[in-house]
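Okay, input14.txt is below, compact mmCIF, C-alpha atoms:
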```txt
# COMPACT_ATOMS: atom_id res chain seq x y z
CA MET F 1 3.68 -1.35 10.90
CA LEU F 2 7.20 -2.61 10.39
CA PRO F 3 8.82 -4.39 13.35
CA ILE F 4 10.19 -1.88 15.88
CA PRO F 5 11.28 -2.47 19.50
CA ALA F 6 9.03 -0.91 22.13
CA GLY F 7 11.92 1.17 23.47
CA ALA F 8 12.62 2.71 20.07
CA LEU F 9 8.92 3.44 19.53
CA ALA F 10 8.68 5.15 22.91
CA ALA F 11 11.81 7.20 22.17
CA LEU F 12 10.19 8.84 19.13
CA ALA F 13 8.29 11.31 21.30
CA GLY F 14 11.45 12.41 23.11
CA ALA F 15 15.05 13.21 22.31
CA CYS F 16 16.58 10.56 20.07
CA GLY F 17 19.15 10.40 17.33
CA ARG F 18 18.07 9.82 13.73
CA PRO F 19 21.01 8.41 11.79
CA TYR F 20 20.52 7.07 8.27
CA ARG F 21 22.45 5.01 5.78
CA ALA F 22 22.40 3.57 2.26
CA GLU F 23 23.70 0.48 0.47
CA TRP F 24 23.95 -0.43 -3.20
CA SER F 25 24.23 -3.71 -5.09
CA ASN F 26 24.88 -4.65 -8.71
CA ASP F 27 24.50 -8.43 -8.29
CA GLY F 28 20.81 -8.75 -7.43
CA GLY F 29 21.37 -8.28 -3.71
CA LEU F 30 23.93 -11.05 -3.13
CA THR F 31 26.33 -8.43 -1.77
CA TRP F 32 25.73 -4.89 -0.57
CA THR F 33 28.21 -2.01 -0.36
CA ALA F 34 27.71 0.93 1.98
CA CYS F 35 27.71 4.49 0.64
CA GLY F 36 26.91 7.90 2.01
CA ILE F 37 23.87 10.14 1.61
CA ALA F 38 24.14 13.92 1.30
CA ALA F 39 22.43 15.53 4.28
CA GLY F 40 18.77 16.31 3.67
CA SER F 41 18.78 14.84 0.16
CA ALA F 42 16.90 11.56 0.68
CA SER F 43 13.12 11.84 0.54
CA ILE F 44 10.91 8.75 0.96
CA THR F 45 7.32 8.28 -0.20
CA ALA F 46 5.13 5.24 0.42
CA ASP F 47 1.77 5.33 -1.38
CA ARG F 48 -0.62 2.38 -1.52
CA THR F 49 -2.72 4.09 -4.21
CA ALA F 50 0.21 4.36 -6.64
CA GLU F 51 1.53 1.76 -9.10
CA VAL F 52 4.77 1.56 -7.10
CA ARG F 53 4.48 1.48 -3.29
CA TYR F 54 7.89 3.03 -2.42
CA THR F 55 9.65 5.80 -4.32
CA ALA F 56 12.53 8.01 -3.26
CA ALA F 57 15.12 10.52 -4.40
CA ALA F 58 18.60 10.90 -2.96
CA THR F 59 22.15 12.10 -3.53
CA LEU F 60 24.59 9.25 -2.91
CA THR F 61 28.20 9.90 -1.94
CA GLY F 62 31.34 7.77 -1.82
CA VAL F 63 30.38 5.80 -4.93
CA GLY F 64 31.05 6.19 -8.64
CA LEU F 65 28.86 6.25 -11.70
CA GLY F 66 28.92 3.45 -14.29
CA THR F 67 29.26 -0.30 -14.66
CA ASP F 68 31.16 -0.73 -11.39
CA GLY F 69 29.07 1.83 -9.53
CA ILE F 70 25.60 3.34 -9.74
CA ASN F 71 23.87 2.65 -13.06
CA PRO F 72 20.23 2.43 -14.22
CA ILE F 73 20.46 -1.20 -15.39
CA SER F 74 21.74 -3.42 -12.59
CA THR F 75 21.87 -1.24 -9.48
CA ASN F 76 19.55 -1.67 -6.51
CA VAL F 77 19.71 0.73 -3.56
CA ARG F 78 18.55 0.11 0.01
CA LEU F 79 17.84 3.00 2.38
CA TRP F 80 17.61 2.80 6.17
CA GLN F 81 16.36 5.17 8.86
CA GLY F 82 17.81 4.76 12.32
CA ILE F 83 16.29 5.52 15.72
CA GLN F 84 18.83 5.93 18.50
CA PRO F 85 17.48 6.34 22.04
CA ALA F 86 19.81 7.90 24.59
CA ARG F 87 22.78 5.67 25.52
CA SER F 88 21.67 2.99 23.06
CA ARG F 89 22.71 1.66 19.70
CA PRO F 90 20.64 2.63 16.66
CA VAL F 91 17.63 0.54 15.67
CA TRP F 92 17.57 0.37 11.88
CA ILE F 93 14.22 0.53 10.05
CA PRO F 94 14.19 -0.31 6.31
CA ALA F 95 13.09 2.61 4.13
CA GLY F 96 12.79 0.82 0.81
CA ARG F 97 14.70 -1.26 -1.73
CA TYR F 98 14.81 0.49 -5.07
CA THR F 99 15.72 0.39 -8.72
CA VAL F 100 17.75 3.33 -10.02
CA ASP F 101 16.68 5.81 -12.69
CA ARG F 102 18.49 8.82 -14.15
CA PRO F 103 21.70 8.76 -12.09
CA LYS F 104 23.61 12.00 -12.53
CA ARG F 105 26.99 13.13 -11.23
CA THR F 106 26.83 16.46 -9.41
CA ARG F 107 29.11 18.50 -7.20
CA THR F 108 27.70 16.85 -4.06
CA GLY F 109 27.44 13.24 -5.31
CA ILE F 110 25.34 10.99 -7.55
CA THR F 111 21.71 12.12 -7.67
CA VAL F 112 19.25 9.31 -8.31
CA GLU F 113 15.53 8.79 -8.76
CA LEU F 114 14.50 5.57 -7.05
CA GLY F 115 11.51 3.32 -7.82
CA GLY F 116 10.18 0.17 -6.20
CA LEU F 117 10.79 -3.38 -7.39
CA GLU F 118 7.32 -3.40 -8.93
CA ASP F 119 8.93 -1.54 -11.84
CA GLU F 120 11.19 -4.52 -12.56
CA ILE F 121 8.24 -6.92 -12.58
CA ARG F 122 6.34 -4.57 -14.87
CA ALA F 123 9.31 -4.35 -17.25
CA ALA F 124 9.57 -8.16 -17.43
CA ALA F 125 6.60 -8.47 -19.78
CA PHE F 126 5.74 -11.84 -21.28
CA PRO F 127 7.55 -12.19 -24.62
CA THR F 128 4.74 -14.34 -25.97
CA THR F 129 1.13 -15.14 -25.12
CA ARG F 130 1.07 -17.46 -22.16
CA THR F 131 -1.47 -19.75 -20.51
CA ILE F 132 -1.28 -19.55 -16.73
CA GLY F 133 -2.87 -21.98 -14.26
CA PRO F 134 -4.96 -23.55 -13.01
CA ASP F 135 -2.88 -23.70 -9.82
CA PRO F 136 -2.96 -22.43 -6.23
CA ALA F 137 -2.25 -18.71 -5.96
CA ARG F 138 0.93 -19.34 -3.95
CA ALA F 139 2.49 -21.40 -6.75
CA LEU F 140 1.55 -18.95 -9.50
CA VAL F 141 2.73 -15.84 -7.66
CA THR F 142 6.04 -17.45 -6.66
CA GLU F 143 6.65 -18.53 -10.27
CA LEU F 144 5.74 -15.20 -11.87
CA VAL F 145 7.73 -13.14 -9.36
CA GLY F 146 10.74 -15.48 -9.48
CA GLU F 147 11.00 -15.20 -13.26
CA ALA F 148 11.24 -11.41 -13.04
CA LEU F 149 13.13 -11.07 -9.75
CA PRO F 150 15.29 -14.14 -9.08
CA GLY F 151 16.02 -14.56 -5.39
CA ILE F 152 13.39 -12.08 -4.18
CA PRO F 153 11.08 -13.70 -1.56
CA VAL F 154 7.29 -13.56 -1.54
CA ALA F 155 5.42 -13.03 1.75
CA TRP F 156 1.73 -13.62 2.50
CA ARG F 157 0.12 -11.62 5.29
CA PRO F 158 -2.82 -12.96 7.33
CA GLY F 159 -6.15 -12.28 5.68
CA VAL F 160 -5.22 -13.50 2.20
CA ASP F 161 -5.43 -17.22 1.42
CA PRO F 162 -2.47 -18.34 -0.73
CA ASP F 163 -4.04 -21.76 -1.34
CA VAL F 164 -7.04 -20.48 -3.31
CA GLN F 165 -7.20 -22.23 -6.69
CA VAL F 166 -6.77 -19.76 -9.54
CA PRO F 167 -8.51 -20.84 -12.76
CA GLN F 168 -6.71 -20.88 -16.08
CA LEU F 169 -6.14 -17.52 -17.73
CA VAL F 170 -4.36 -16.29 -20.84
CA ALA F 171 -1.83 -13.49 -20.45
CA THR F 172 -0.73 -11.58 -23.52
CA GLU F 173 1.94 -9.25 -22.17
CA ASP F 174 1.67 -7.54 -18.78
CA ARG F 175 3.13 -9.65 -15.94
CA TRP F 176 2.30 -7.12 -13.23
CA ALA F 177 -1.32 -6.91 -14.39
CA VAL F 178 -1.66 -10.68 -13.92
CA LEU F 179 -0.24 -10.44 -10.41
CA SER F 180 -2.06 -7.31 -9.33
CA SER F 181 -5.29 -6.05 -10.90
CA GLY F 182 -5.09 -6.13 -14.68
CA ARG F 183 -7.87 -6.61 -17.22
CA ASP F 184 -8.29 -8.78 -20.29
CA GLU F 185 -9.40 -7.62 -23.75
CA ALA F 186 -13.05 -7.91 -22.73
CA GLY F 187 -12.50 -5.64 -19.73
CA ALA F 188 -12.79 -8.35 -17.07
CA ALA F 189 -10.27 -8.22 -14.22
CA THR F 190 -7.51 -10.85 -14.28
CA GLY F 191 -5.32 -9.82 -11.35
CA ILE F 192 -4.55 -12.62 -8.88
CA ALA F 193 -4.19 -10.35 -5.83
CA ALA F 194 -7.45 -8.54 -6.55
CA ALA F 195 -9.24 -11.89 -6.97
CA LEU F 196 -8.06 -12.80 -3.46
CA ALA F 197 -9.59 -9.57 -2.09
CA GLY F 198 -6.06 -8.35 -1.52
CA GLU F 199 -3.25 -6.29 -2.96
CA ILE F 200 0.39 -6.88 -3.86
CA TRP F 201 3.38 -4.60 -3.37
CA ALA F 202 7.11 -4.50 -2.68
CA ASP F 203 7.48 -3.62 0.99
CA ALA F 204 10.17 -1.53 2.66
CA ARG F 205 12.51 -4.54 2.75
CA GLY F 206 12.06 -5.28 -0.94
CA VAL F 207 9.92 -8.37 -0.24
CA ILE F 208 7.02 -8.89 -2.64
CA THR F 209 4.06 -8.95 -0.27
CA LEU F 210 0.41 -9.95 -0.62
CA GLY F 211 -2.00 -8.77 2.03
CA PRO F 212 -5.67 -7.91 2.55
CA VAL F 213 -7.09 -4.55 1.57
CA PRO F 214 -6.76 -2.42 4.73
CA THR F 215 -9.84 -0.94 6.38
CA LEU F 216 -10.57 1.52 9.16
CA ALA F 217 -11.76 -1.44 11.24
CA ASP F 218 -8.22 -2.87 11.39
CA PRO F 219 -6.37 -2.66 14.73
CA ALA F 220 -4.59 0.66 15.26
CA VAL F 221 -0.80 0.28 15.27
CA TRP F 222 0.06 3.66 16.80
CA ARG F 223 -1.73 6.13 19.06
CA ILE F 224 -0.75 9.75 18.60
CA GLY F 225 -1.78 12.04 21.45
CA ARG F 226 -1.25 15.61 22.49
CA GLY F 227 0.38 16.93 25.63
CA PRO F 228 3.27 15.51 27.69
CA GLY F 229 4.71 12.40 26.08
CA GLY F 230 2.47 12.86 23.04
CA VAL F 231 2.97 14.07 19.52
CA LEU F 232 1.59 17.31 18.20
CA VAL F 233 -0.86 16.60 15.40
CA GLU F 234 -2.03 19.31 13.03
CA PRO F 235 -4.93 18.09 10.86
CA GLN F 236 -5.29 20.29 7.81
CA PRO F 237 -8.86 21.43 7.07
CA GLN F 238 -9.20 19.71 3.72
CA ALA F 239 -11.41 16.81 2.62
CA SER F 240 -12.18 15.09 -0.67
CA ALA F 241 -14.61 12.47 -1.99
CA ASP F 242 -12.13 11.25 -4.62
CA GLY F 243 -12.46 7.49 -5.12
CA LEU F 244 -15.53 7.28 -2.90
CA ALA F 245 -18.02 4.47 -3.59
CA ASN F 246 -20.76 3.26 -1.27
CA LEU F 247 -22.16 0.42 -3.43
CA TRP F 248 -20.13 -2.27 -5.19
CA VAL F 249 -21.38 -4.80 -7.73
CA VAL F 250 -19.08 -7.81 -8.20
CA THR F 251 -19.43 -10.56 -10.82
CA GLY F 252 -17.34 -13.44 -12.14
CA ASP F 253 -17.60 -16.05 -14.87
CA ALA F 254 -15.69 -18.83 -13.01
CA GLY F 255 -13.62 -19.54 -16.11
CA THR F 256 -14.38 -20.19 -19.76
CA GLY F 257 -17.72 -21.86 -20.30
CA ALA F 258 -18.62 -21.99 -16.60
CA PRO F 259 -21.79 -20.44 -15.17
CA ALA F 260 -21.59 -16.79 -14.21
CA ILE F 261 -20.99 -15.90 -10.57
CA GLY F 262 -23.15 -13.18 -9.03
CA PRO F 263 -23.79 -10.37 -9.18
CA VAL F 264 -22.96 -9.87 -5.50
CA TYR F 265 -23.55 -6.53 -3.80
CA ALA F 266 -21.96 -4.73 -0.86
CA TRP F 267 -23.03 -1.29 0.34
CA ASP F 268 -22.63 1.06 3.29
CA ASP F 269 -25.56 0.04 5.52
CA ASP F 270 -24.65 2.16 8.55
CA PRO F 271 -27.33 4.86 9.04
CA ALA F 272 -24.85 6.90 11.08
CA SER F 273 -22.35 7.00 8.23
CA LEU F 274 -21.92 10.03 6.03
CA THR F 275 -21.81 7.65 3.05
CA TYR F 276 -24.94 5.65 3.99
CA ALA F 277 -26.37 4.02 0.84
CA GLY F 278 -29.82 3.38 2.24
CA PRO F 279 -31.48 0.28 3.73
CA ASP F 280 -31.39 -1.71 0.45
CA PRO F 281 -30.33 0.21 -2.66
CA VAL F 282 -30.48 -2.95 -4.80
CA ASN F 283 -33.97 -4.29 -4.07
CA ASP F 284 -35.60 -1.14 -2.71
CA PRO F 285 -33.95 1.88 -4.39
CA GLY F 286 -36.94 4.09 -3.57
CA ALA F 287 -36.58 3.67 0.21
CA PRO F 288 -34.64 6.92 0.83
CA GLN F 289 -37.37 8.94 -0.92
CA ARG F 290 -40.15 7.08 0.89
CA LEU F 291 -38.49 7.25 4.32
CA GLY F 292 -37.33 10.84 4.06
CA LEU F 293 -33.61 9.98 3.91
CA LEU F 294 -32.92 12.94 1.68
CA ARG F 295 -29.17 13.01 2.28
CA VAL F 296 -28.60 9.53 0.79
CA ARG F 297 -26.58 9.57 -2.43
CA LEU F 298 -25.41 6.49 -4.34
CA ARG F 299 -21.91 6.19 -5.76
CA VAL F 300 -21.78 2.86 -7.56
CA GLN F 301 -18.72 0.95 -8.80
CA ARG F 302 -18.52 -2.41 -10.60
CA TYR F 303 -15.88 -5.14 -10.62
CA ALA F 304 -15.81 -8.25 -12.81
CA SER F 305 -13.12 -10.92 -12.87
CA SER F 306 -12.64 -14.21 -14.68
CA LEU F 307 -10.77 -15.42 -11.58
CA ILE F 308 -13.85 -15.34 -9.32
CA THR F 309 -15.03 -18.92 -8.93
CA SER F 310 -17.60 -18.80 -6.09
CA ILE F 311 -20.21 -16.61 -4.45
CA GLY F 312 -18.15 -16.58 -1.25
CA GLN F 313 -15.10 -15.25 -3.10
CA ALA F 314 -17.25 -12.59 -4.79
CA GLU F 315 -18.69 -11.53 -1.42
CA GLU F 316 -15.22 -11.24 0.08
CA ILE F 317 -14.05 -9.08 -2.83
CA ALA F 318 -17.15 -6.89 -2.62
CA ARG F 319 -16.58 -6.27 1.10
CA ALA F 320 -12.91 -5.45 0.48
CA LYS F 321 -13.74 -3.06 -2.37
CA LEU F 322 -16.33 -1.32 -0.23
CA ALA F 323 -14.00 -0.96 2.73
CA ASP F 324 -11.30 0.48 0.48
CA SER F 325 -13.60 3.10 -1.05
CA LEU F 326 -15.36 4.45 2.04
CA GLY F 327 -14.14 7.35 4.10
CA VAL F 328 -13.37 11.00 3.56
CA GLN F 329 -9.89 11.84 2.33
CA SER F 330 -8.04 14.15 4.72
CA THR F 331 -4.49 15.02 5.73
CA LEU F 332 -2.47 14.92 8.93
CA SER F 333 0.84 16.62 9.54
CA LEU F 334 2.97 15.13 12.32
CA THR F 335 5.03 18.15 13.19
CA ALA F 336 7.00 16.77 16.13
CA VAL F 337 7.97 13.24 15.22
CA CYS F 338 8.64 10.88 12.31
CA ASN F 339 7.83 7.20 12.80
CA PRO F 340 9.67 5.39 9.96
CA ALA F 341 8.08 2.06 10.94
CA LEU F 342 4.66 3.20 9.72
CA GLU F 343 3.47 1.68 6.46
CA ALA F 344 0.90 2.82 3.94
CA GLY F 345 -2.25 0.91 4.89
CA ASP F 346 -1.69 1.17 8.65
CA VAL F 347 -4.46 2.44 10.92
CA ILE F 348 -3.58 4.98 13.60
CA GLU F 349 -5.54 6.76 16.31
CA ALA F 350 -4.91 10.49 16.49
CA GLU F 351 -6.00 13.14 18.98
CA ALA F 352 -7.02 15.58 16.26
CA GLU F 353 -8.42 18.01 18.84
CA LEU F 354 -7.86 18.07 22.58
CA GLY F 355 -9.75 15.07 23.94
CA VAL F 356 -11.15 14.13 20.52
CA TRP F 357 -9.76 10.94 18.96
CA GLU F 358 -10.14 9.77 15.37
CA ARG F 359 -9.13 6.63 13.48
CA HIS F 360 -7.14 7.30 10.31
CA LEU F 361 -6.07 4.85 7.60
CA ILE F 362 -2.80 5.89 5.99
CA ASP F 363 -3.02 6.01 2.20
CA SER F 364 0.42 7.58 1.77
CA LEU F 365 3.27 8.96 3.84
CA SER F 366 6.43 10.91 3.16
CA TYR F 367 9.50 11.97 5.10
CA THR F 368 13.15 12.91 4.70
CA LEU F 369 15.81 10.62 6.12
CA GLY F 370 17.11 12.17 9.34
CA ALA F 371 14.16 14.54 9.75
CA ALA F 372 11.97 14.68 12.85
CA SER F 373 8.67 15.19 11.04
CA MET F 374 6.60 13.40 8.43
CA SER F 375 3.40 13.95 6.48
CA LEU F 376 0.52 11.52 6.11
CA ALA F 377 -2.36 11.45 3.64
CA THR F 378 -5.11 9.55 5.42
CA ARG F 379 -8.69 8.40 5.14
CA THR F 380 -11.10 8.81 8.02
CA THR F 381 -14.79 9.03 8.79
CA THR F 382 -16.89 11.64 10.52
CA ARG F 383 -17.37 9.36 13.53
CA ARG F 384 -15.20 10.02 16.59
CA LEU F 385 -13.68 7.45 18.93
CA ALA F 386 -14.33 9.61 21.95
```

Could you express the structure from this file as structure tokens?
Amino acid sequence: MLPIPAGALAALAGACGRPYRAEWSNDGGLTWTACGIAAGSASITADRTAEVRYTAAATLTGVGLGTDGINPISTNVRLWQGIQPARSRPVWIPAGRYTVDRPKRTRTGITVELGGLEDEIRAAAFPTTRTIGPDPARALVTELVGEALPGIPVAWRPGVDPDVQVPQLVATEDRWAVLSSGRDEAGAATGIAAALAGEIWADARGVITLGPVPTLADPAVWRIGRGPGGVLVEPQPQASADGLANLWVVTGDAGTGAPAIGPVYAWDDDPASLTYAGPDPVNDPGAPQRLGLLRVRLRVQRYASSLITSIGQAEEIARAKLADSLGVQSTLSLTAVCNPALEAGDVIEAEAELGVWERHLIDSLSYTLGAASMSLATRTTTRRLA
């Protein structure tokens, strides 16, 4: 969750103001100029399963269209959602830094489609085949991001080691694929973030961020209850097994000419889990039949990367892949409050029914600037907290 004062967080469940604002820049963020937003026009989406984490659409006012105003070449836009408790100044929460696409002058202002800074990294493809590394991940990521986005900082969250040595790789074109989770011509993964058992994205502040793959075991950042002082939660009765895998097979070649790493396996070994893969689906695949575990079904996925250089690294990746692919997809609708500090990948605890609490991992969220409600697409399990 983004930083938010305790008083502002507590005010969400009561009466509070929800101001919002926008800024634009044509000089890479050295200077920012305030502009208006047409009421109800700015919608925000954060989705950790998409190629771009933050996207938005808005109608900007008080600014022109063209070289000295909003344009699709040099303009960046920052959006902010405010929380204003009674008799207090607003607390401003960043709601994304964006590139601009398809600006159009209308009767009410300049309508824009807004995409995350990942788009600018993706557009800055390598003009020629390039040999990258060997170097620590921190050095490589800083170099590759800085070439595409001068002046944009890189942040490393706990759980991802920036000092891991990345072996040499050859990149033909796609810069973002090298940073994130691309593949070479042979089909092996080459993404630096994925090889660190993590992911990379542009956060709500526009900072390029590397962090671990979130899991339902992560600490909950927000507790959403019913009744006085709580927030009404309406879980929609819909579930999906899209993207579900309960057994991962991970291999690596540790670089050209080096011995192969793995395979390493990770599977759901919890007998109480709906996605239980059995006691040992690798060495004893007949156990479910022999033991009468007739509900067991395997859903197997594979991952291979030339950047995996040790069994320990392969095991870490396998655990991260498994954690990211378990859980039933569901939806929550927060009908009484919008918490703009929530991020895709956060874990929350929700009182889905009176007295029944569930842990949910947020895969995506959406809200309108100034609105009191938001929608979350989440992943949960069938196991209750209480």

(request) Pick out the residues sitting within 9 Å of F:Pro72, and hand them over as a PyMOL selection string; count only C-alpha atoms, and ignore anything fewer than 2 positions along from it in its own chain. (result) chain F and resi 66+70+74-76+99-103

For F:Ile44: contacts at 6 Å, all atoms listed in the file, fewer than 4 positions along chain excluded, given as a tab-separated table (two decimals) with C-alpha atoms, in the coordinates of the input:
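part-v6.tsv was written with the following content:
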```tsv
chain	number	residue	atom	x	y	z
F	56	ALA	CA	12.53	8.01	-3.26
F	366	SER	CA	6.43	10.91	3.16
F	367	TYR	CA	9.50	11.97	5.10
```

(request) Using only C-alpha atoms, pick whichever of F:Ala320, F:Ile73, F:Ala314, F:Ala123 has the shortest atom-to-atom distance to F:Gly211. (result)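 Using only C-alpha atoms, F:Gly211 sits closest to F:Ala320.
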
(request) Please indicate the distance in Å from atom CA of F:Pro279 to atom CA of F:Ser325, rounded to one decimal place. (result)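 Computing the Euclidean distance for atom CA of F:Pro279 and atom CA of F:Ser325 yields 18.7 Å.
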
(request) Mind checking which residues fall within 9 Å of F:Gly29, counting all atoms listed in the file, ignoring those fewer than 2 positions away in the same chain, and posting them as a PyMOL selection string? (result) chain F and resi 24-27+31-32+76+151-152

Written selection (C-alpha atoms) as a PDB file, in the coordinates of the input:
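Here's the written file selection_18.pdb:
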```
ATOM      1  CA  TRP F  24      23.950  -0.430  -3.200  1.00  0.00           C
ATOM      2  CA  SER F  25      24.230  -3.710  -5.090  1.00  0.00           C
ATOM      3  CA  ASN F  26      24.880  -4.650  -8.710  1.00  0.00           C
ATOM      4  CA  ASP F  27      24.500  -8.430  -8.290  1.00  0.00           C
ATOM      5  CA  THR F  31      26.330  -8.430  -1.770  1.00  0.00           C
ATOM      6  CA  TRP F  32      25.730  -4.890  -0.570  1.00  0.00           C
ATOM      7  CA  ASN F  76      19.550  -1.670  -6.510  1.00  0.00           C
ATOM      8  CA  GLY F 151      16.020 -14.560  -5.390  1.00  0.00           C
ATOM      9  CA  ILE F 152      13.390 -12.080  -4.180  1.00  0.00           C
TER      10      ILE F 152
END
```

(request) Have a look at F:Pro94, F:Gly64, F:Pro271, F:Gly312 and name the one nearest to F:Val296; count all atoms listed in the file. (result)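 Using all atoms listed in the file, F:Val296 sits closest to F:Pro271.
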
I'd like a table as a tab-separated table: residues in stretch 169-214 of chain F with an atom no more than 8 Å from stretch 153-159 of chain F, each row giving the shortest atom pair and its distance in Å to one decimal, all atoms listed in the file counted, sorted by chain and rising residue number.
```
residue	atom	partner	partner_atom	distance
F:Val207	CA	F:Pro153	CA	5.6
F:Ile208	CA	F:Val154	CA	4.8
F:Thr209	CA	F:Ala155	CA	4.8
F:Leu210	CA	F:Trp156	CA	5.0
F:Gly211	CA	F:Arg157	CA	4.8
F:Pro212	CA	F:Gly159	CA	5.4
```

Close residues, stretch 140-146 of chain F itself excluded, 12 Å, all atoms listed in the file, min 6 positions apart in chain, as a compact mmCIF listing (two decimals) with C-alpha atoms, in the coordinates of the input:
```
# COMPACT_ATOMS: atom_id res chain seq x y z
CA LEU F 117 10.79 -3.38 -7.39
CA GLU F 118 7.32 -3.40 -8.93
CA ASP F 119 8.93 -1.54 -11.84
CA GLU F 120 11.19 -4.52 -12.56
CA ILE F 121 8.24 -6.92 -12.58
CA ARG F 122 6.34 -4.57 -14.87
CA ALA F 123 9.31 -4.35 -17.25
CA ALA F 124 9.57 -8.16 -17.43
CA ALA F 125 6.60 -8.47 -19.78
CA PHE F 126 5.74 -11.84 -21.28
CA ARG F 130 1.07 -17.46 -22.16
CA THR F 131 -1.47 -19.75 -20.51
CA ILE F 132 -1.28 -19.55 -16.73
CA GLY F 133 -2.87 -21.98 -14.26
CA PRO F 134 -4.96 -23.55 -13.01
CA ILE F 152 13.39 -12.08 -4.18
CA PRO F 153 11.08 -13.70 -1.56
CA VAL F 154 7.29 -13.56 -1.54
CA ALA F 155 5.42 -13.03 1.75
CA TRP F 156 1.73 -13.62 2.50
CA PRO F 162 -2.47 -18.34 -0.73
CA ASP F 163 -4.04 -21.76 -1.34
CA VAL F 164 -7.04 -20.48 -3.31
CA GLN F 165 -7.20 -22.23 -6.69
CA VAL F 166 -6.77 -19.76 -9.54
CA PRO F 167 -8.51 -20.84 -12.76
CA GLN F 168 -6.71 -20.88 -16.08
CA LEU F 169 -6.14 -17.52 -17.73
CA ALA F 171 -1.83 -13.49 -20.45
CA ASP F 174 1.67 -7.54 -18.78
CA ARG F 175 3.13 -9.65 -15.94
CA TRP F 176 2.30 -7.12 -13.23
CA ALA F 177 -1.32 -6.91 -14.39
CA VAL F 178 -1.66 -10.68 -13.92
CA LEU F 179 -0.24 -10.44 -10.41
CA SER F 180 -2.06 -7.31 -9.33
CA GLY F 191 -5.32 -9.82 -11.35
CA ILE F 192 -4.55 -12.62 -8.88
CA ALA F 193 -4.19 -10.35 -5.83
CA LEU F 196 -8.06 -12.80 -3.46
CA ILE F 200 0.39 -6.88 -3.86
CA TRP F 201 3.38 -4.60 -3.37
CA ALA F 202 7.11 -4.50 -2.68
CA VAL F 207 9.92 -8.37 -0.24
CA ILE F 208 7.02 -8.89 -2.64
CA THR F 209 4.06 -8.95 -0.27
CA LEU F 210 0.41 -9.95 -0.62
```

(message) Report, in Å with one decimal, the straight-line distance from atom CA of F:Ile308 to atom CA of F:Ile261.
(response) 7.3 Å

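Among the candidates F:Ala371, F:Ala137, F:Ala304, F:Leu342, the residue lying nearest to F:Met1 is F:Leu342 (atoms considered: all atoms listed in the file).
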
(request) Would you please work out which residue, of F:Leu298, F:Ala344, F:Leu307, F:Ala272, is nearest to F:Thr190 when using all atoms listed in the file? (result) F:Leu307

Might I get the box with edges along x, y and z of the file that holds all atoms of stretch 67-86 of chain F listed there, padded by 5 Å on every side, given as centre and edge lengths in Å to one decimal, as AutoDock Vina command-line options?
```
--center_x 23.7 --center_y 2.2 --center_z 4.6 --size_x 24.9 --size_y 21.3 --size_z 50.0
```

(request) Record the distance separating atom CA of F:Pro85 and atom CA of F:Ala15, expressed in Å with one decimal. (result)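 Atom CA of F:Ala15 lies at a distance of 7.3 Å from atom CA of F:Pro85.
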
(request) Would you mind telling me which residue in F:Val52, F:Leu60, F:Leu12, F:Leu30 lies nearest to F:Asp203 when using only C-alpha atoms? (result) F:Val52

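Here the question is which of F:Val250, F:Ala22, F:Cys338, F:Ala139 gets nearest to F:Ile83 using all atoms listed in the file, and that residue is F:Cys338.
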
Quick one: residues within 9 Å of F:Arg18, only C-alpha atoms, excluding same-chain residues fewer than 2 positions away - as a tab-separated table (two decimals) with C-alpha atoms, in the coordinates of the input?
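Once everything was written out, this is part-v3.tsv:
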```
chain	number	residue	atom	x	y	z
F	16	CYS	CA	16.58	10.56	20.07
F	20	TYR	CA	20.52	7.07	8.27
F	81	GLN	CA	16.36	5.17	8.86
F	82	GLY	CA	17.81	4.76	12.32
F	83	ILE	CA	16.29	5.52	15.72
F	84	GLN	CA	18.83	5.93	18.50
F	90	PRO	CA	20.64	2.63	16.66
F	369	LEU	CA	15.81	10.62	6.12
F	370	GLY	CA	17.11	12.17	9.34
F	371	ALA	CA	14.16	14.54	9.75
F	372	ALA	CA	11.97	14.68	12.85
```
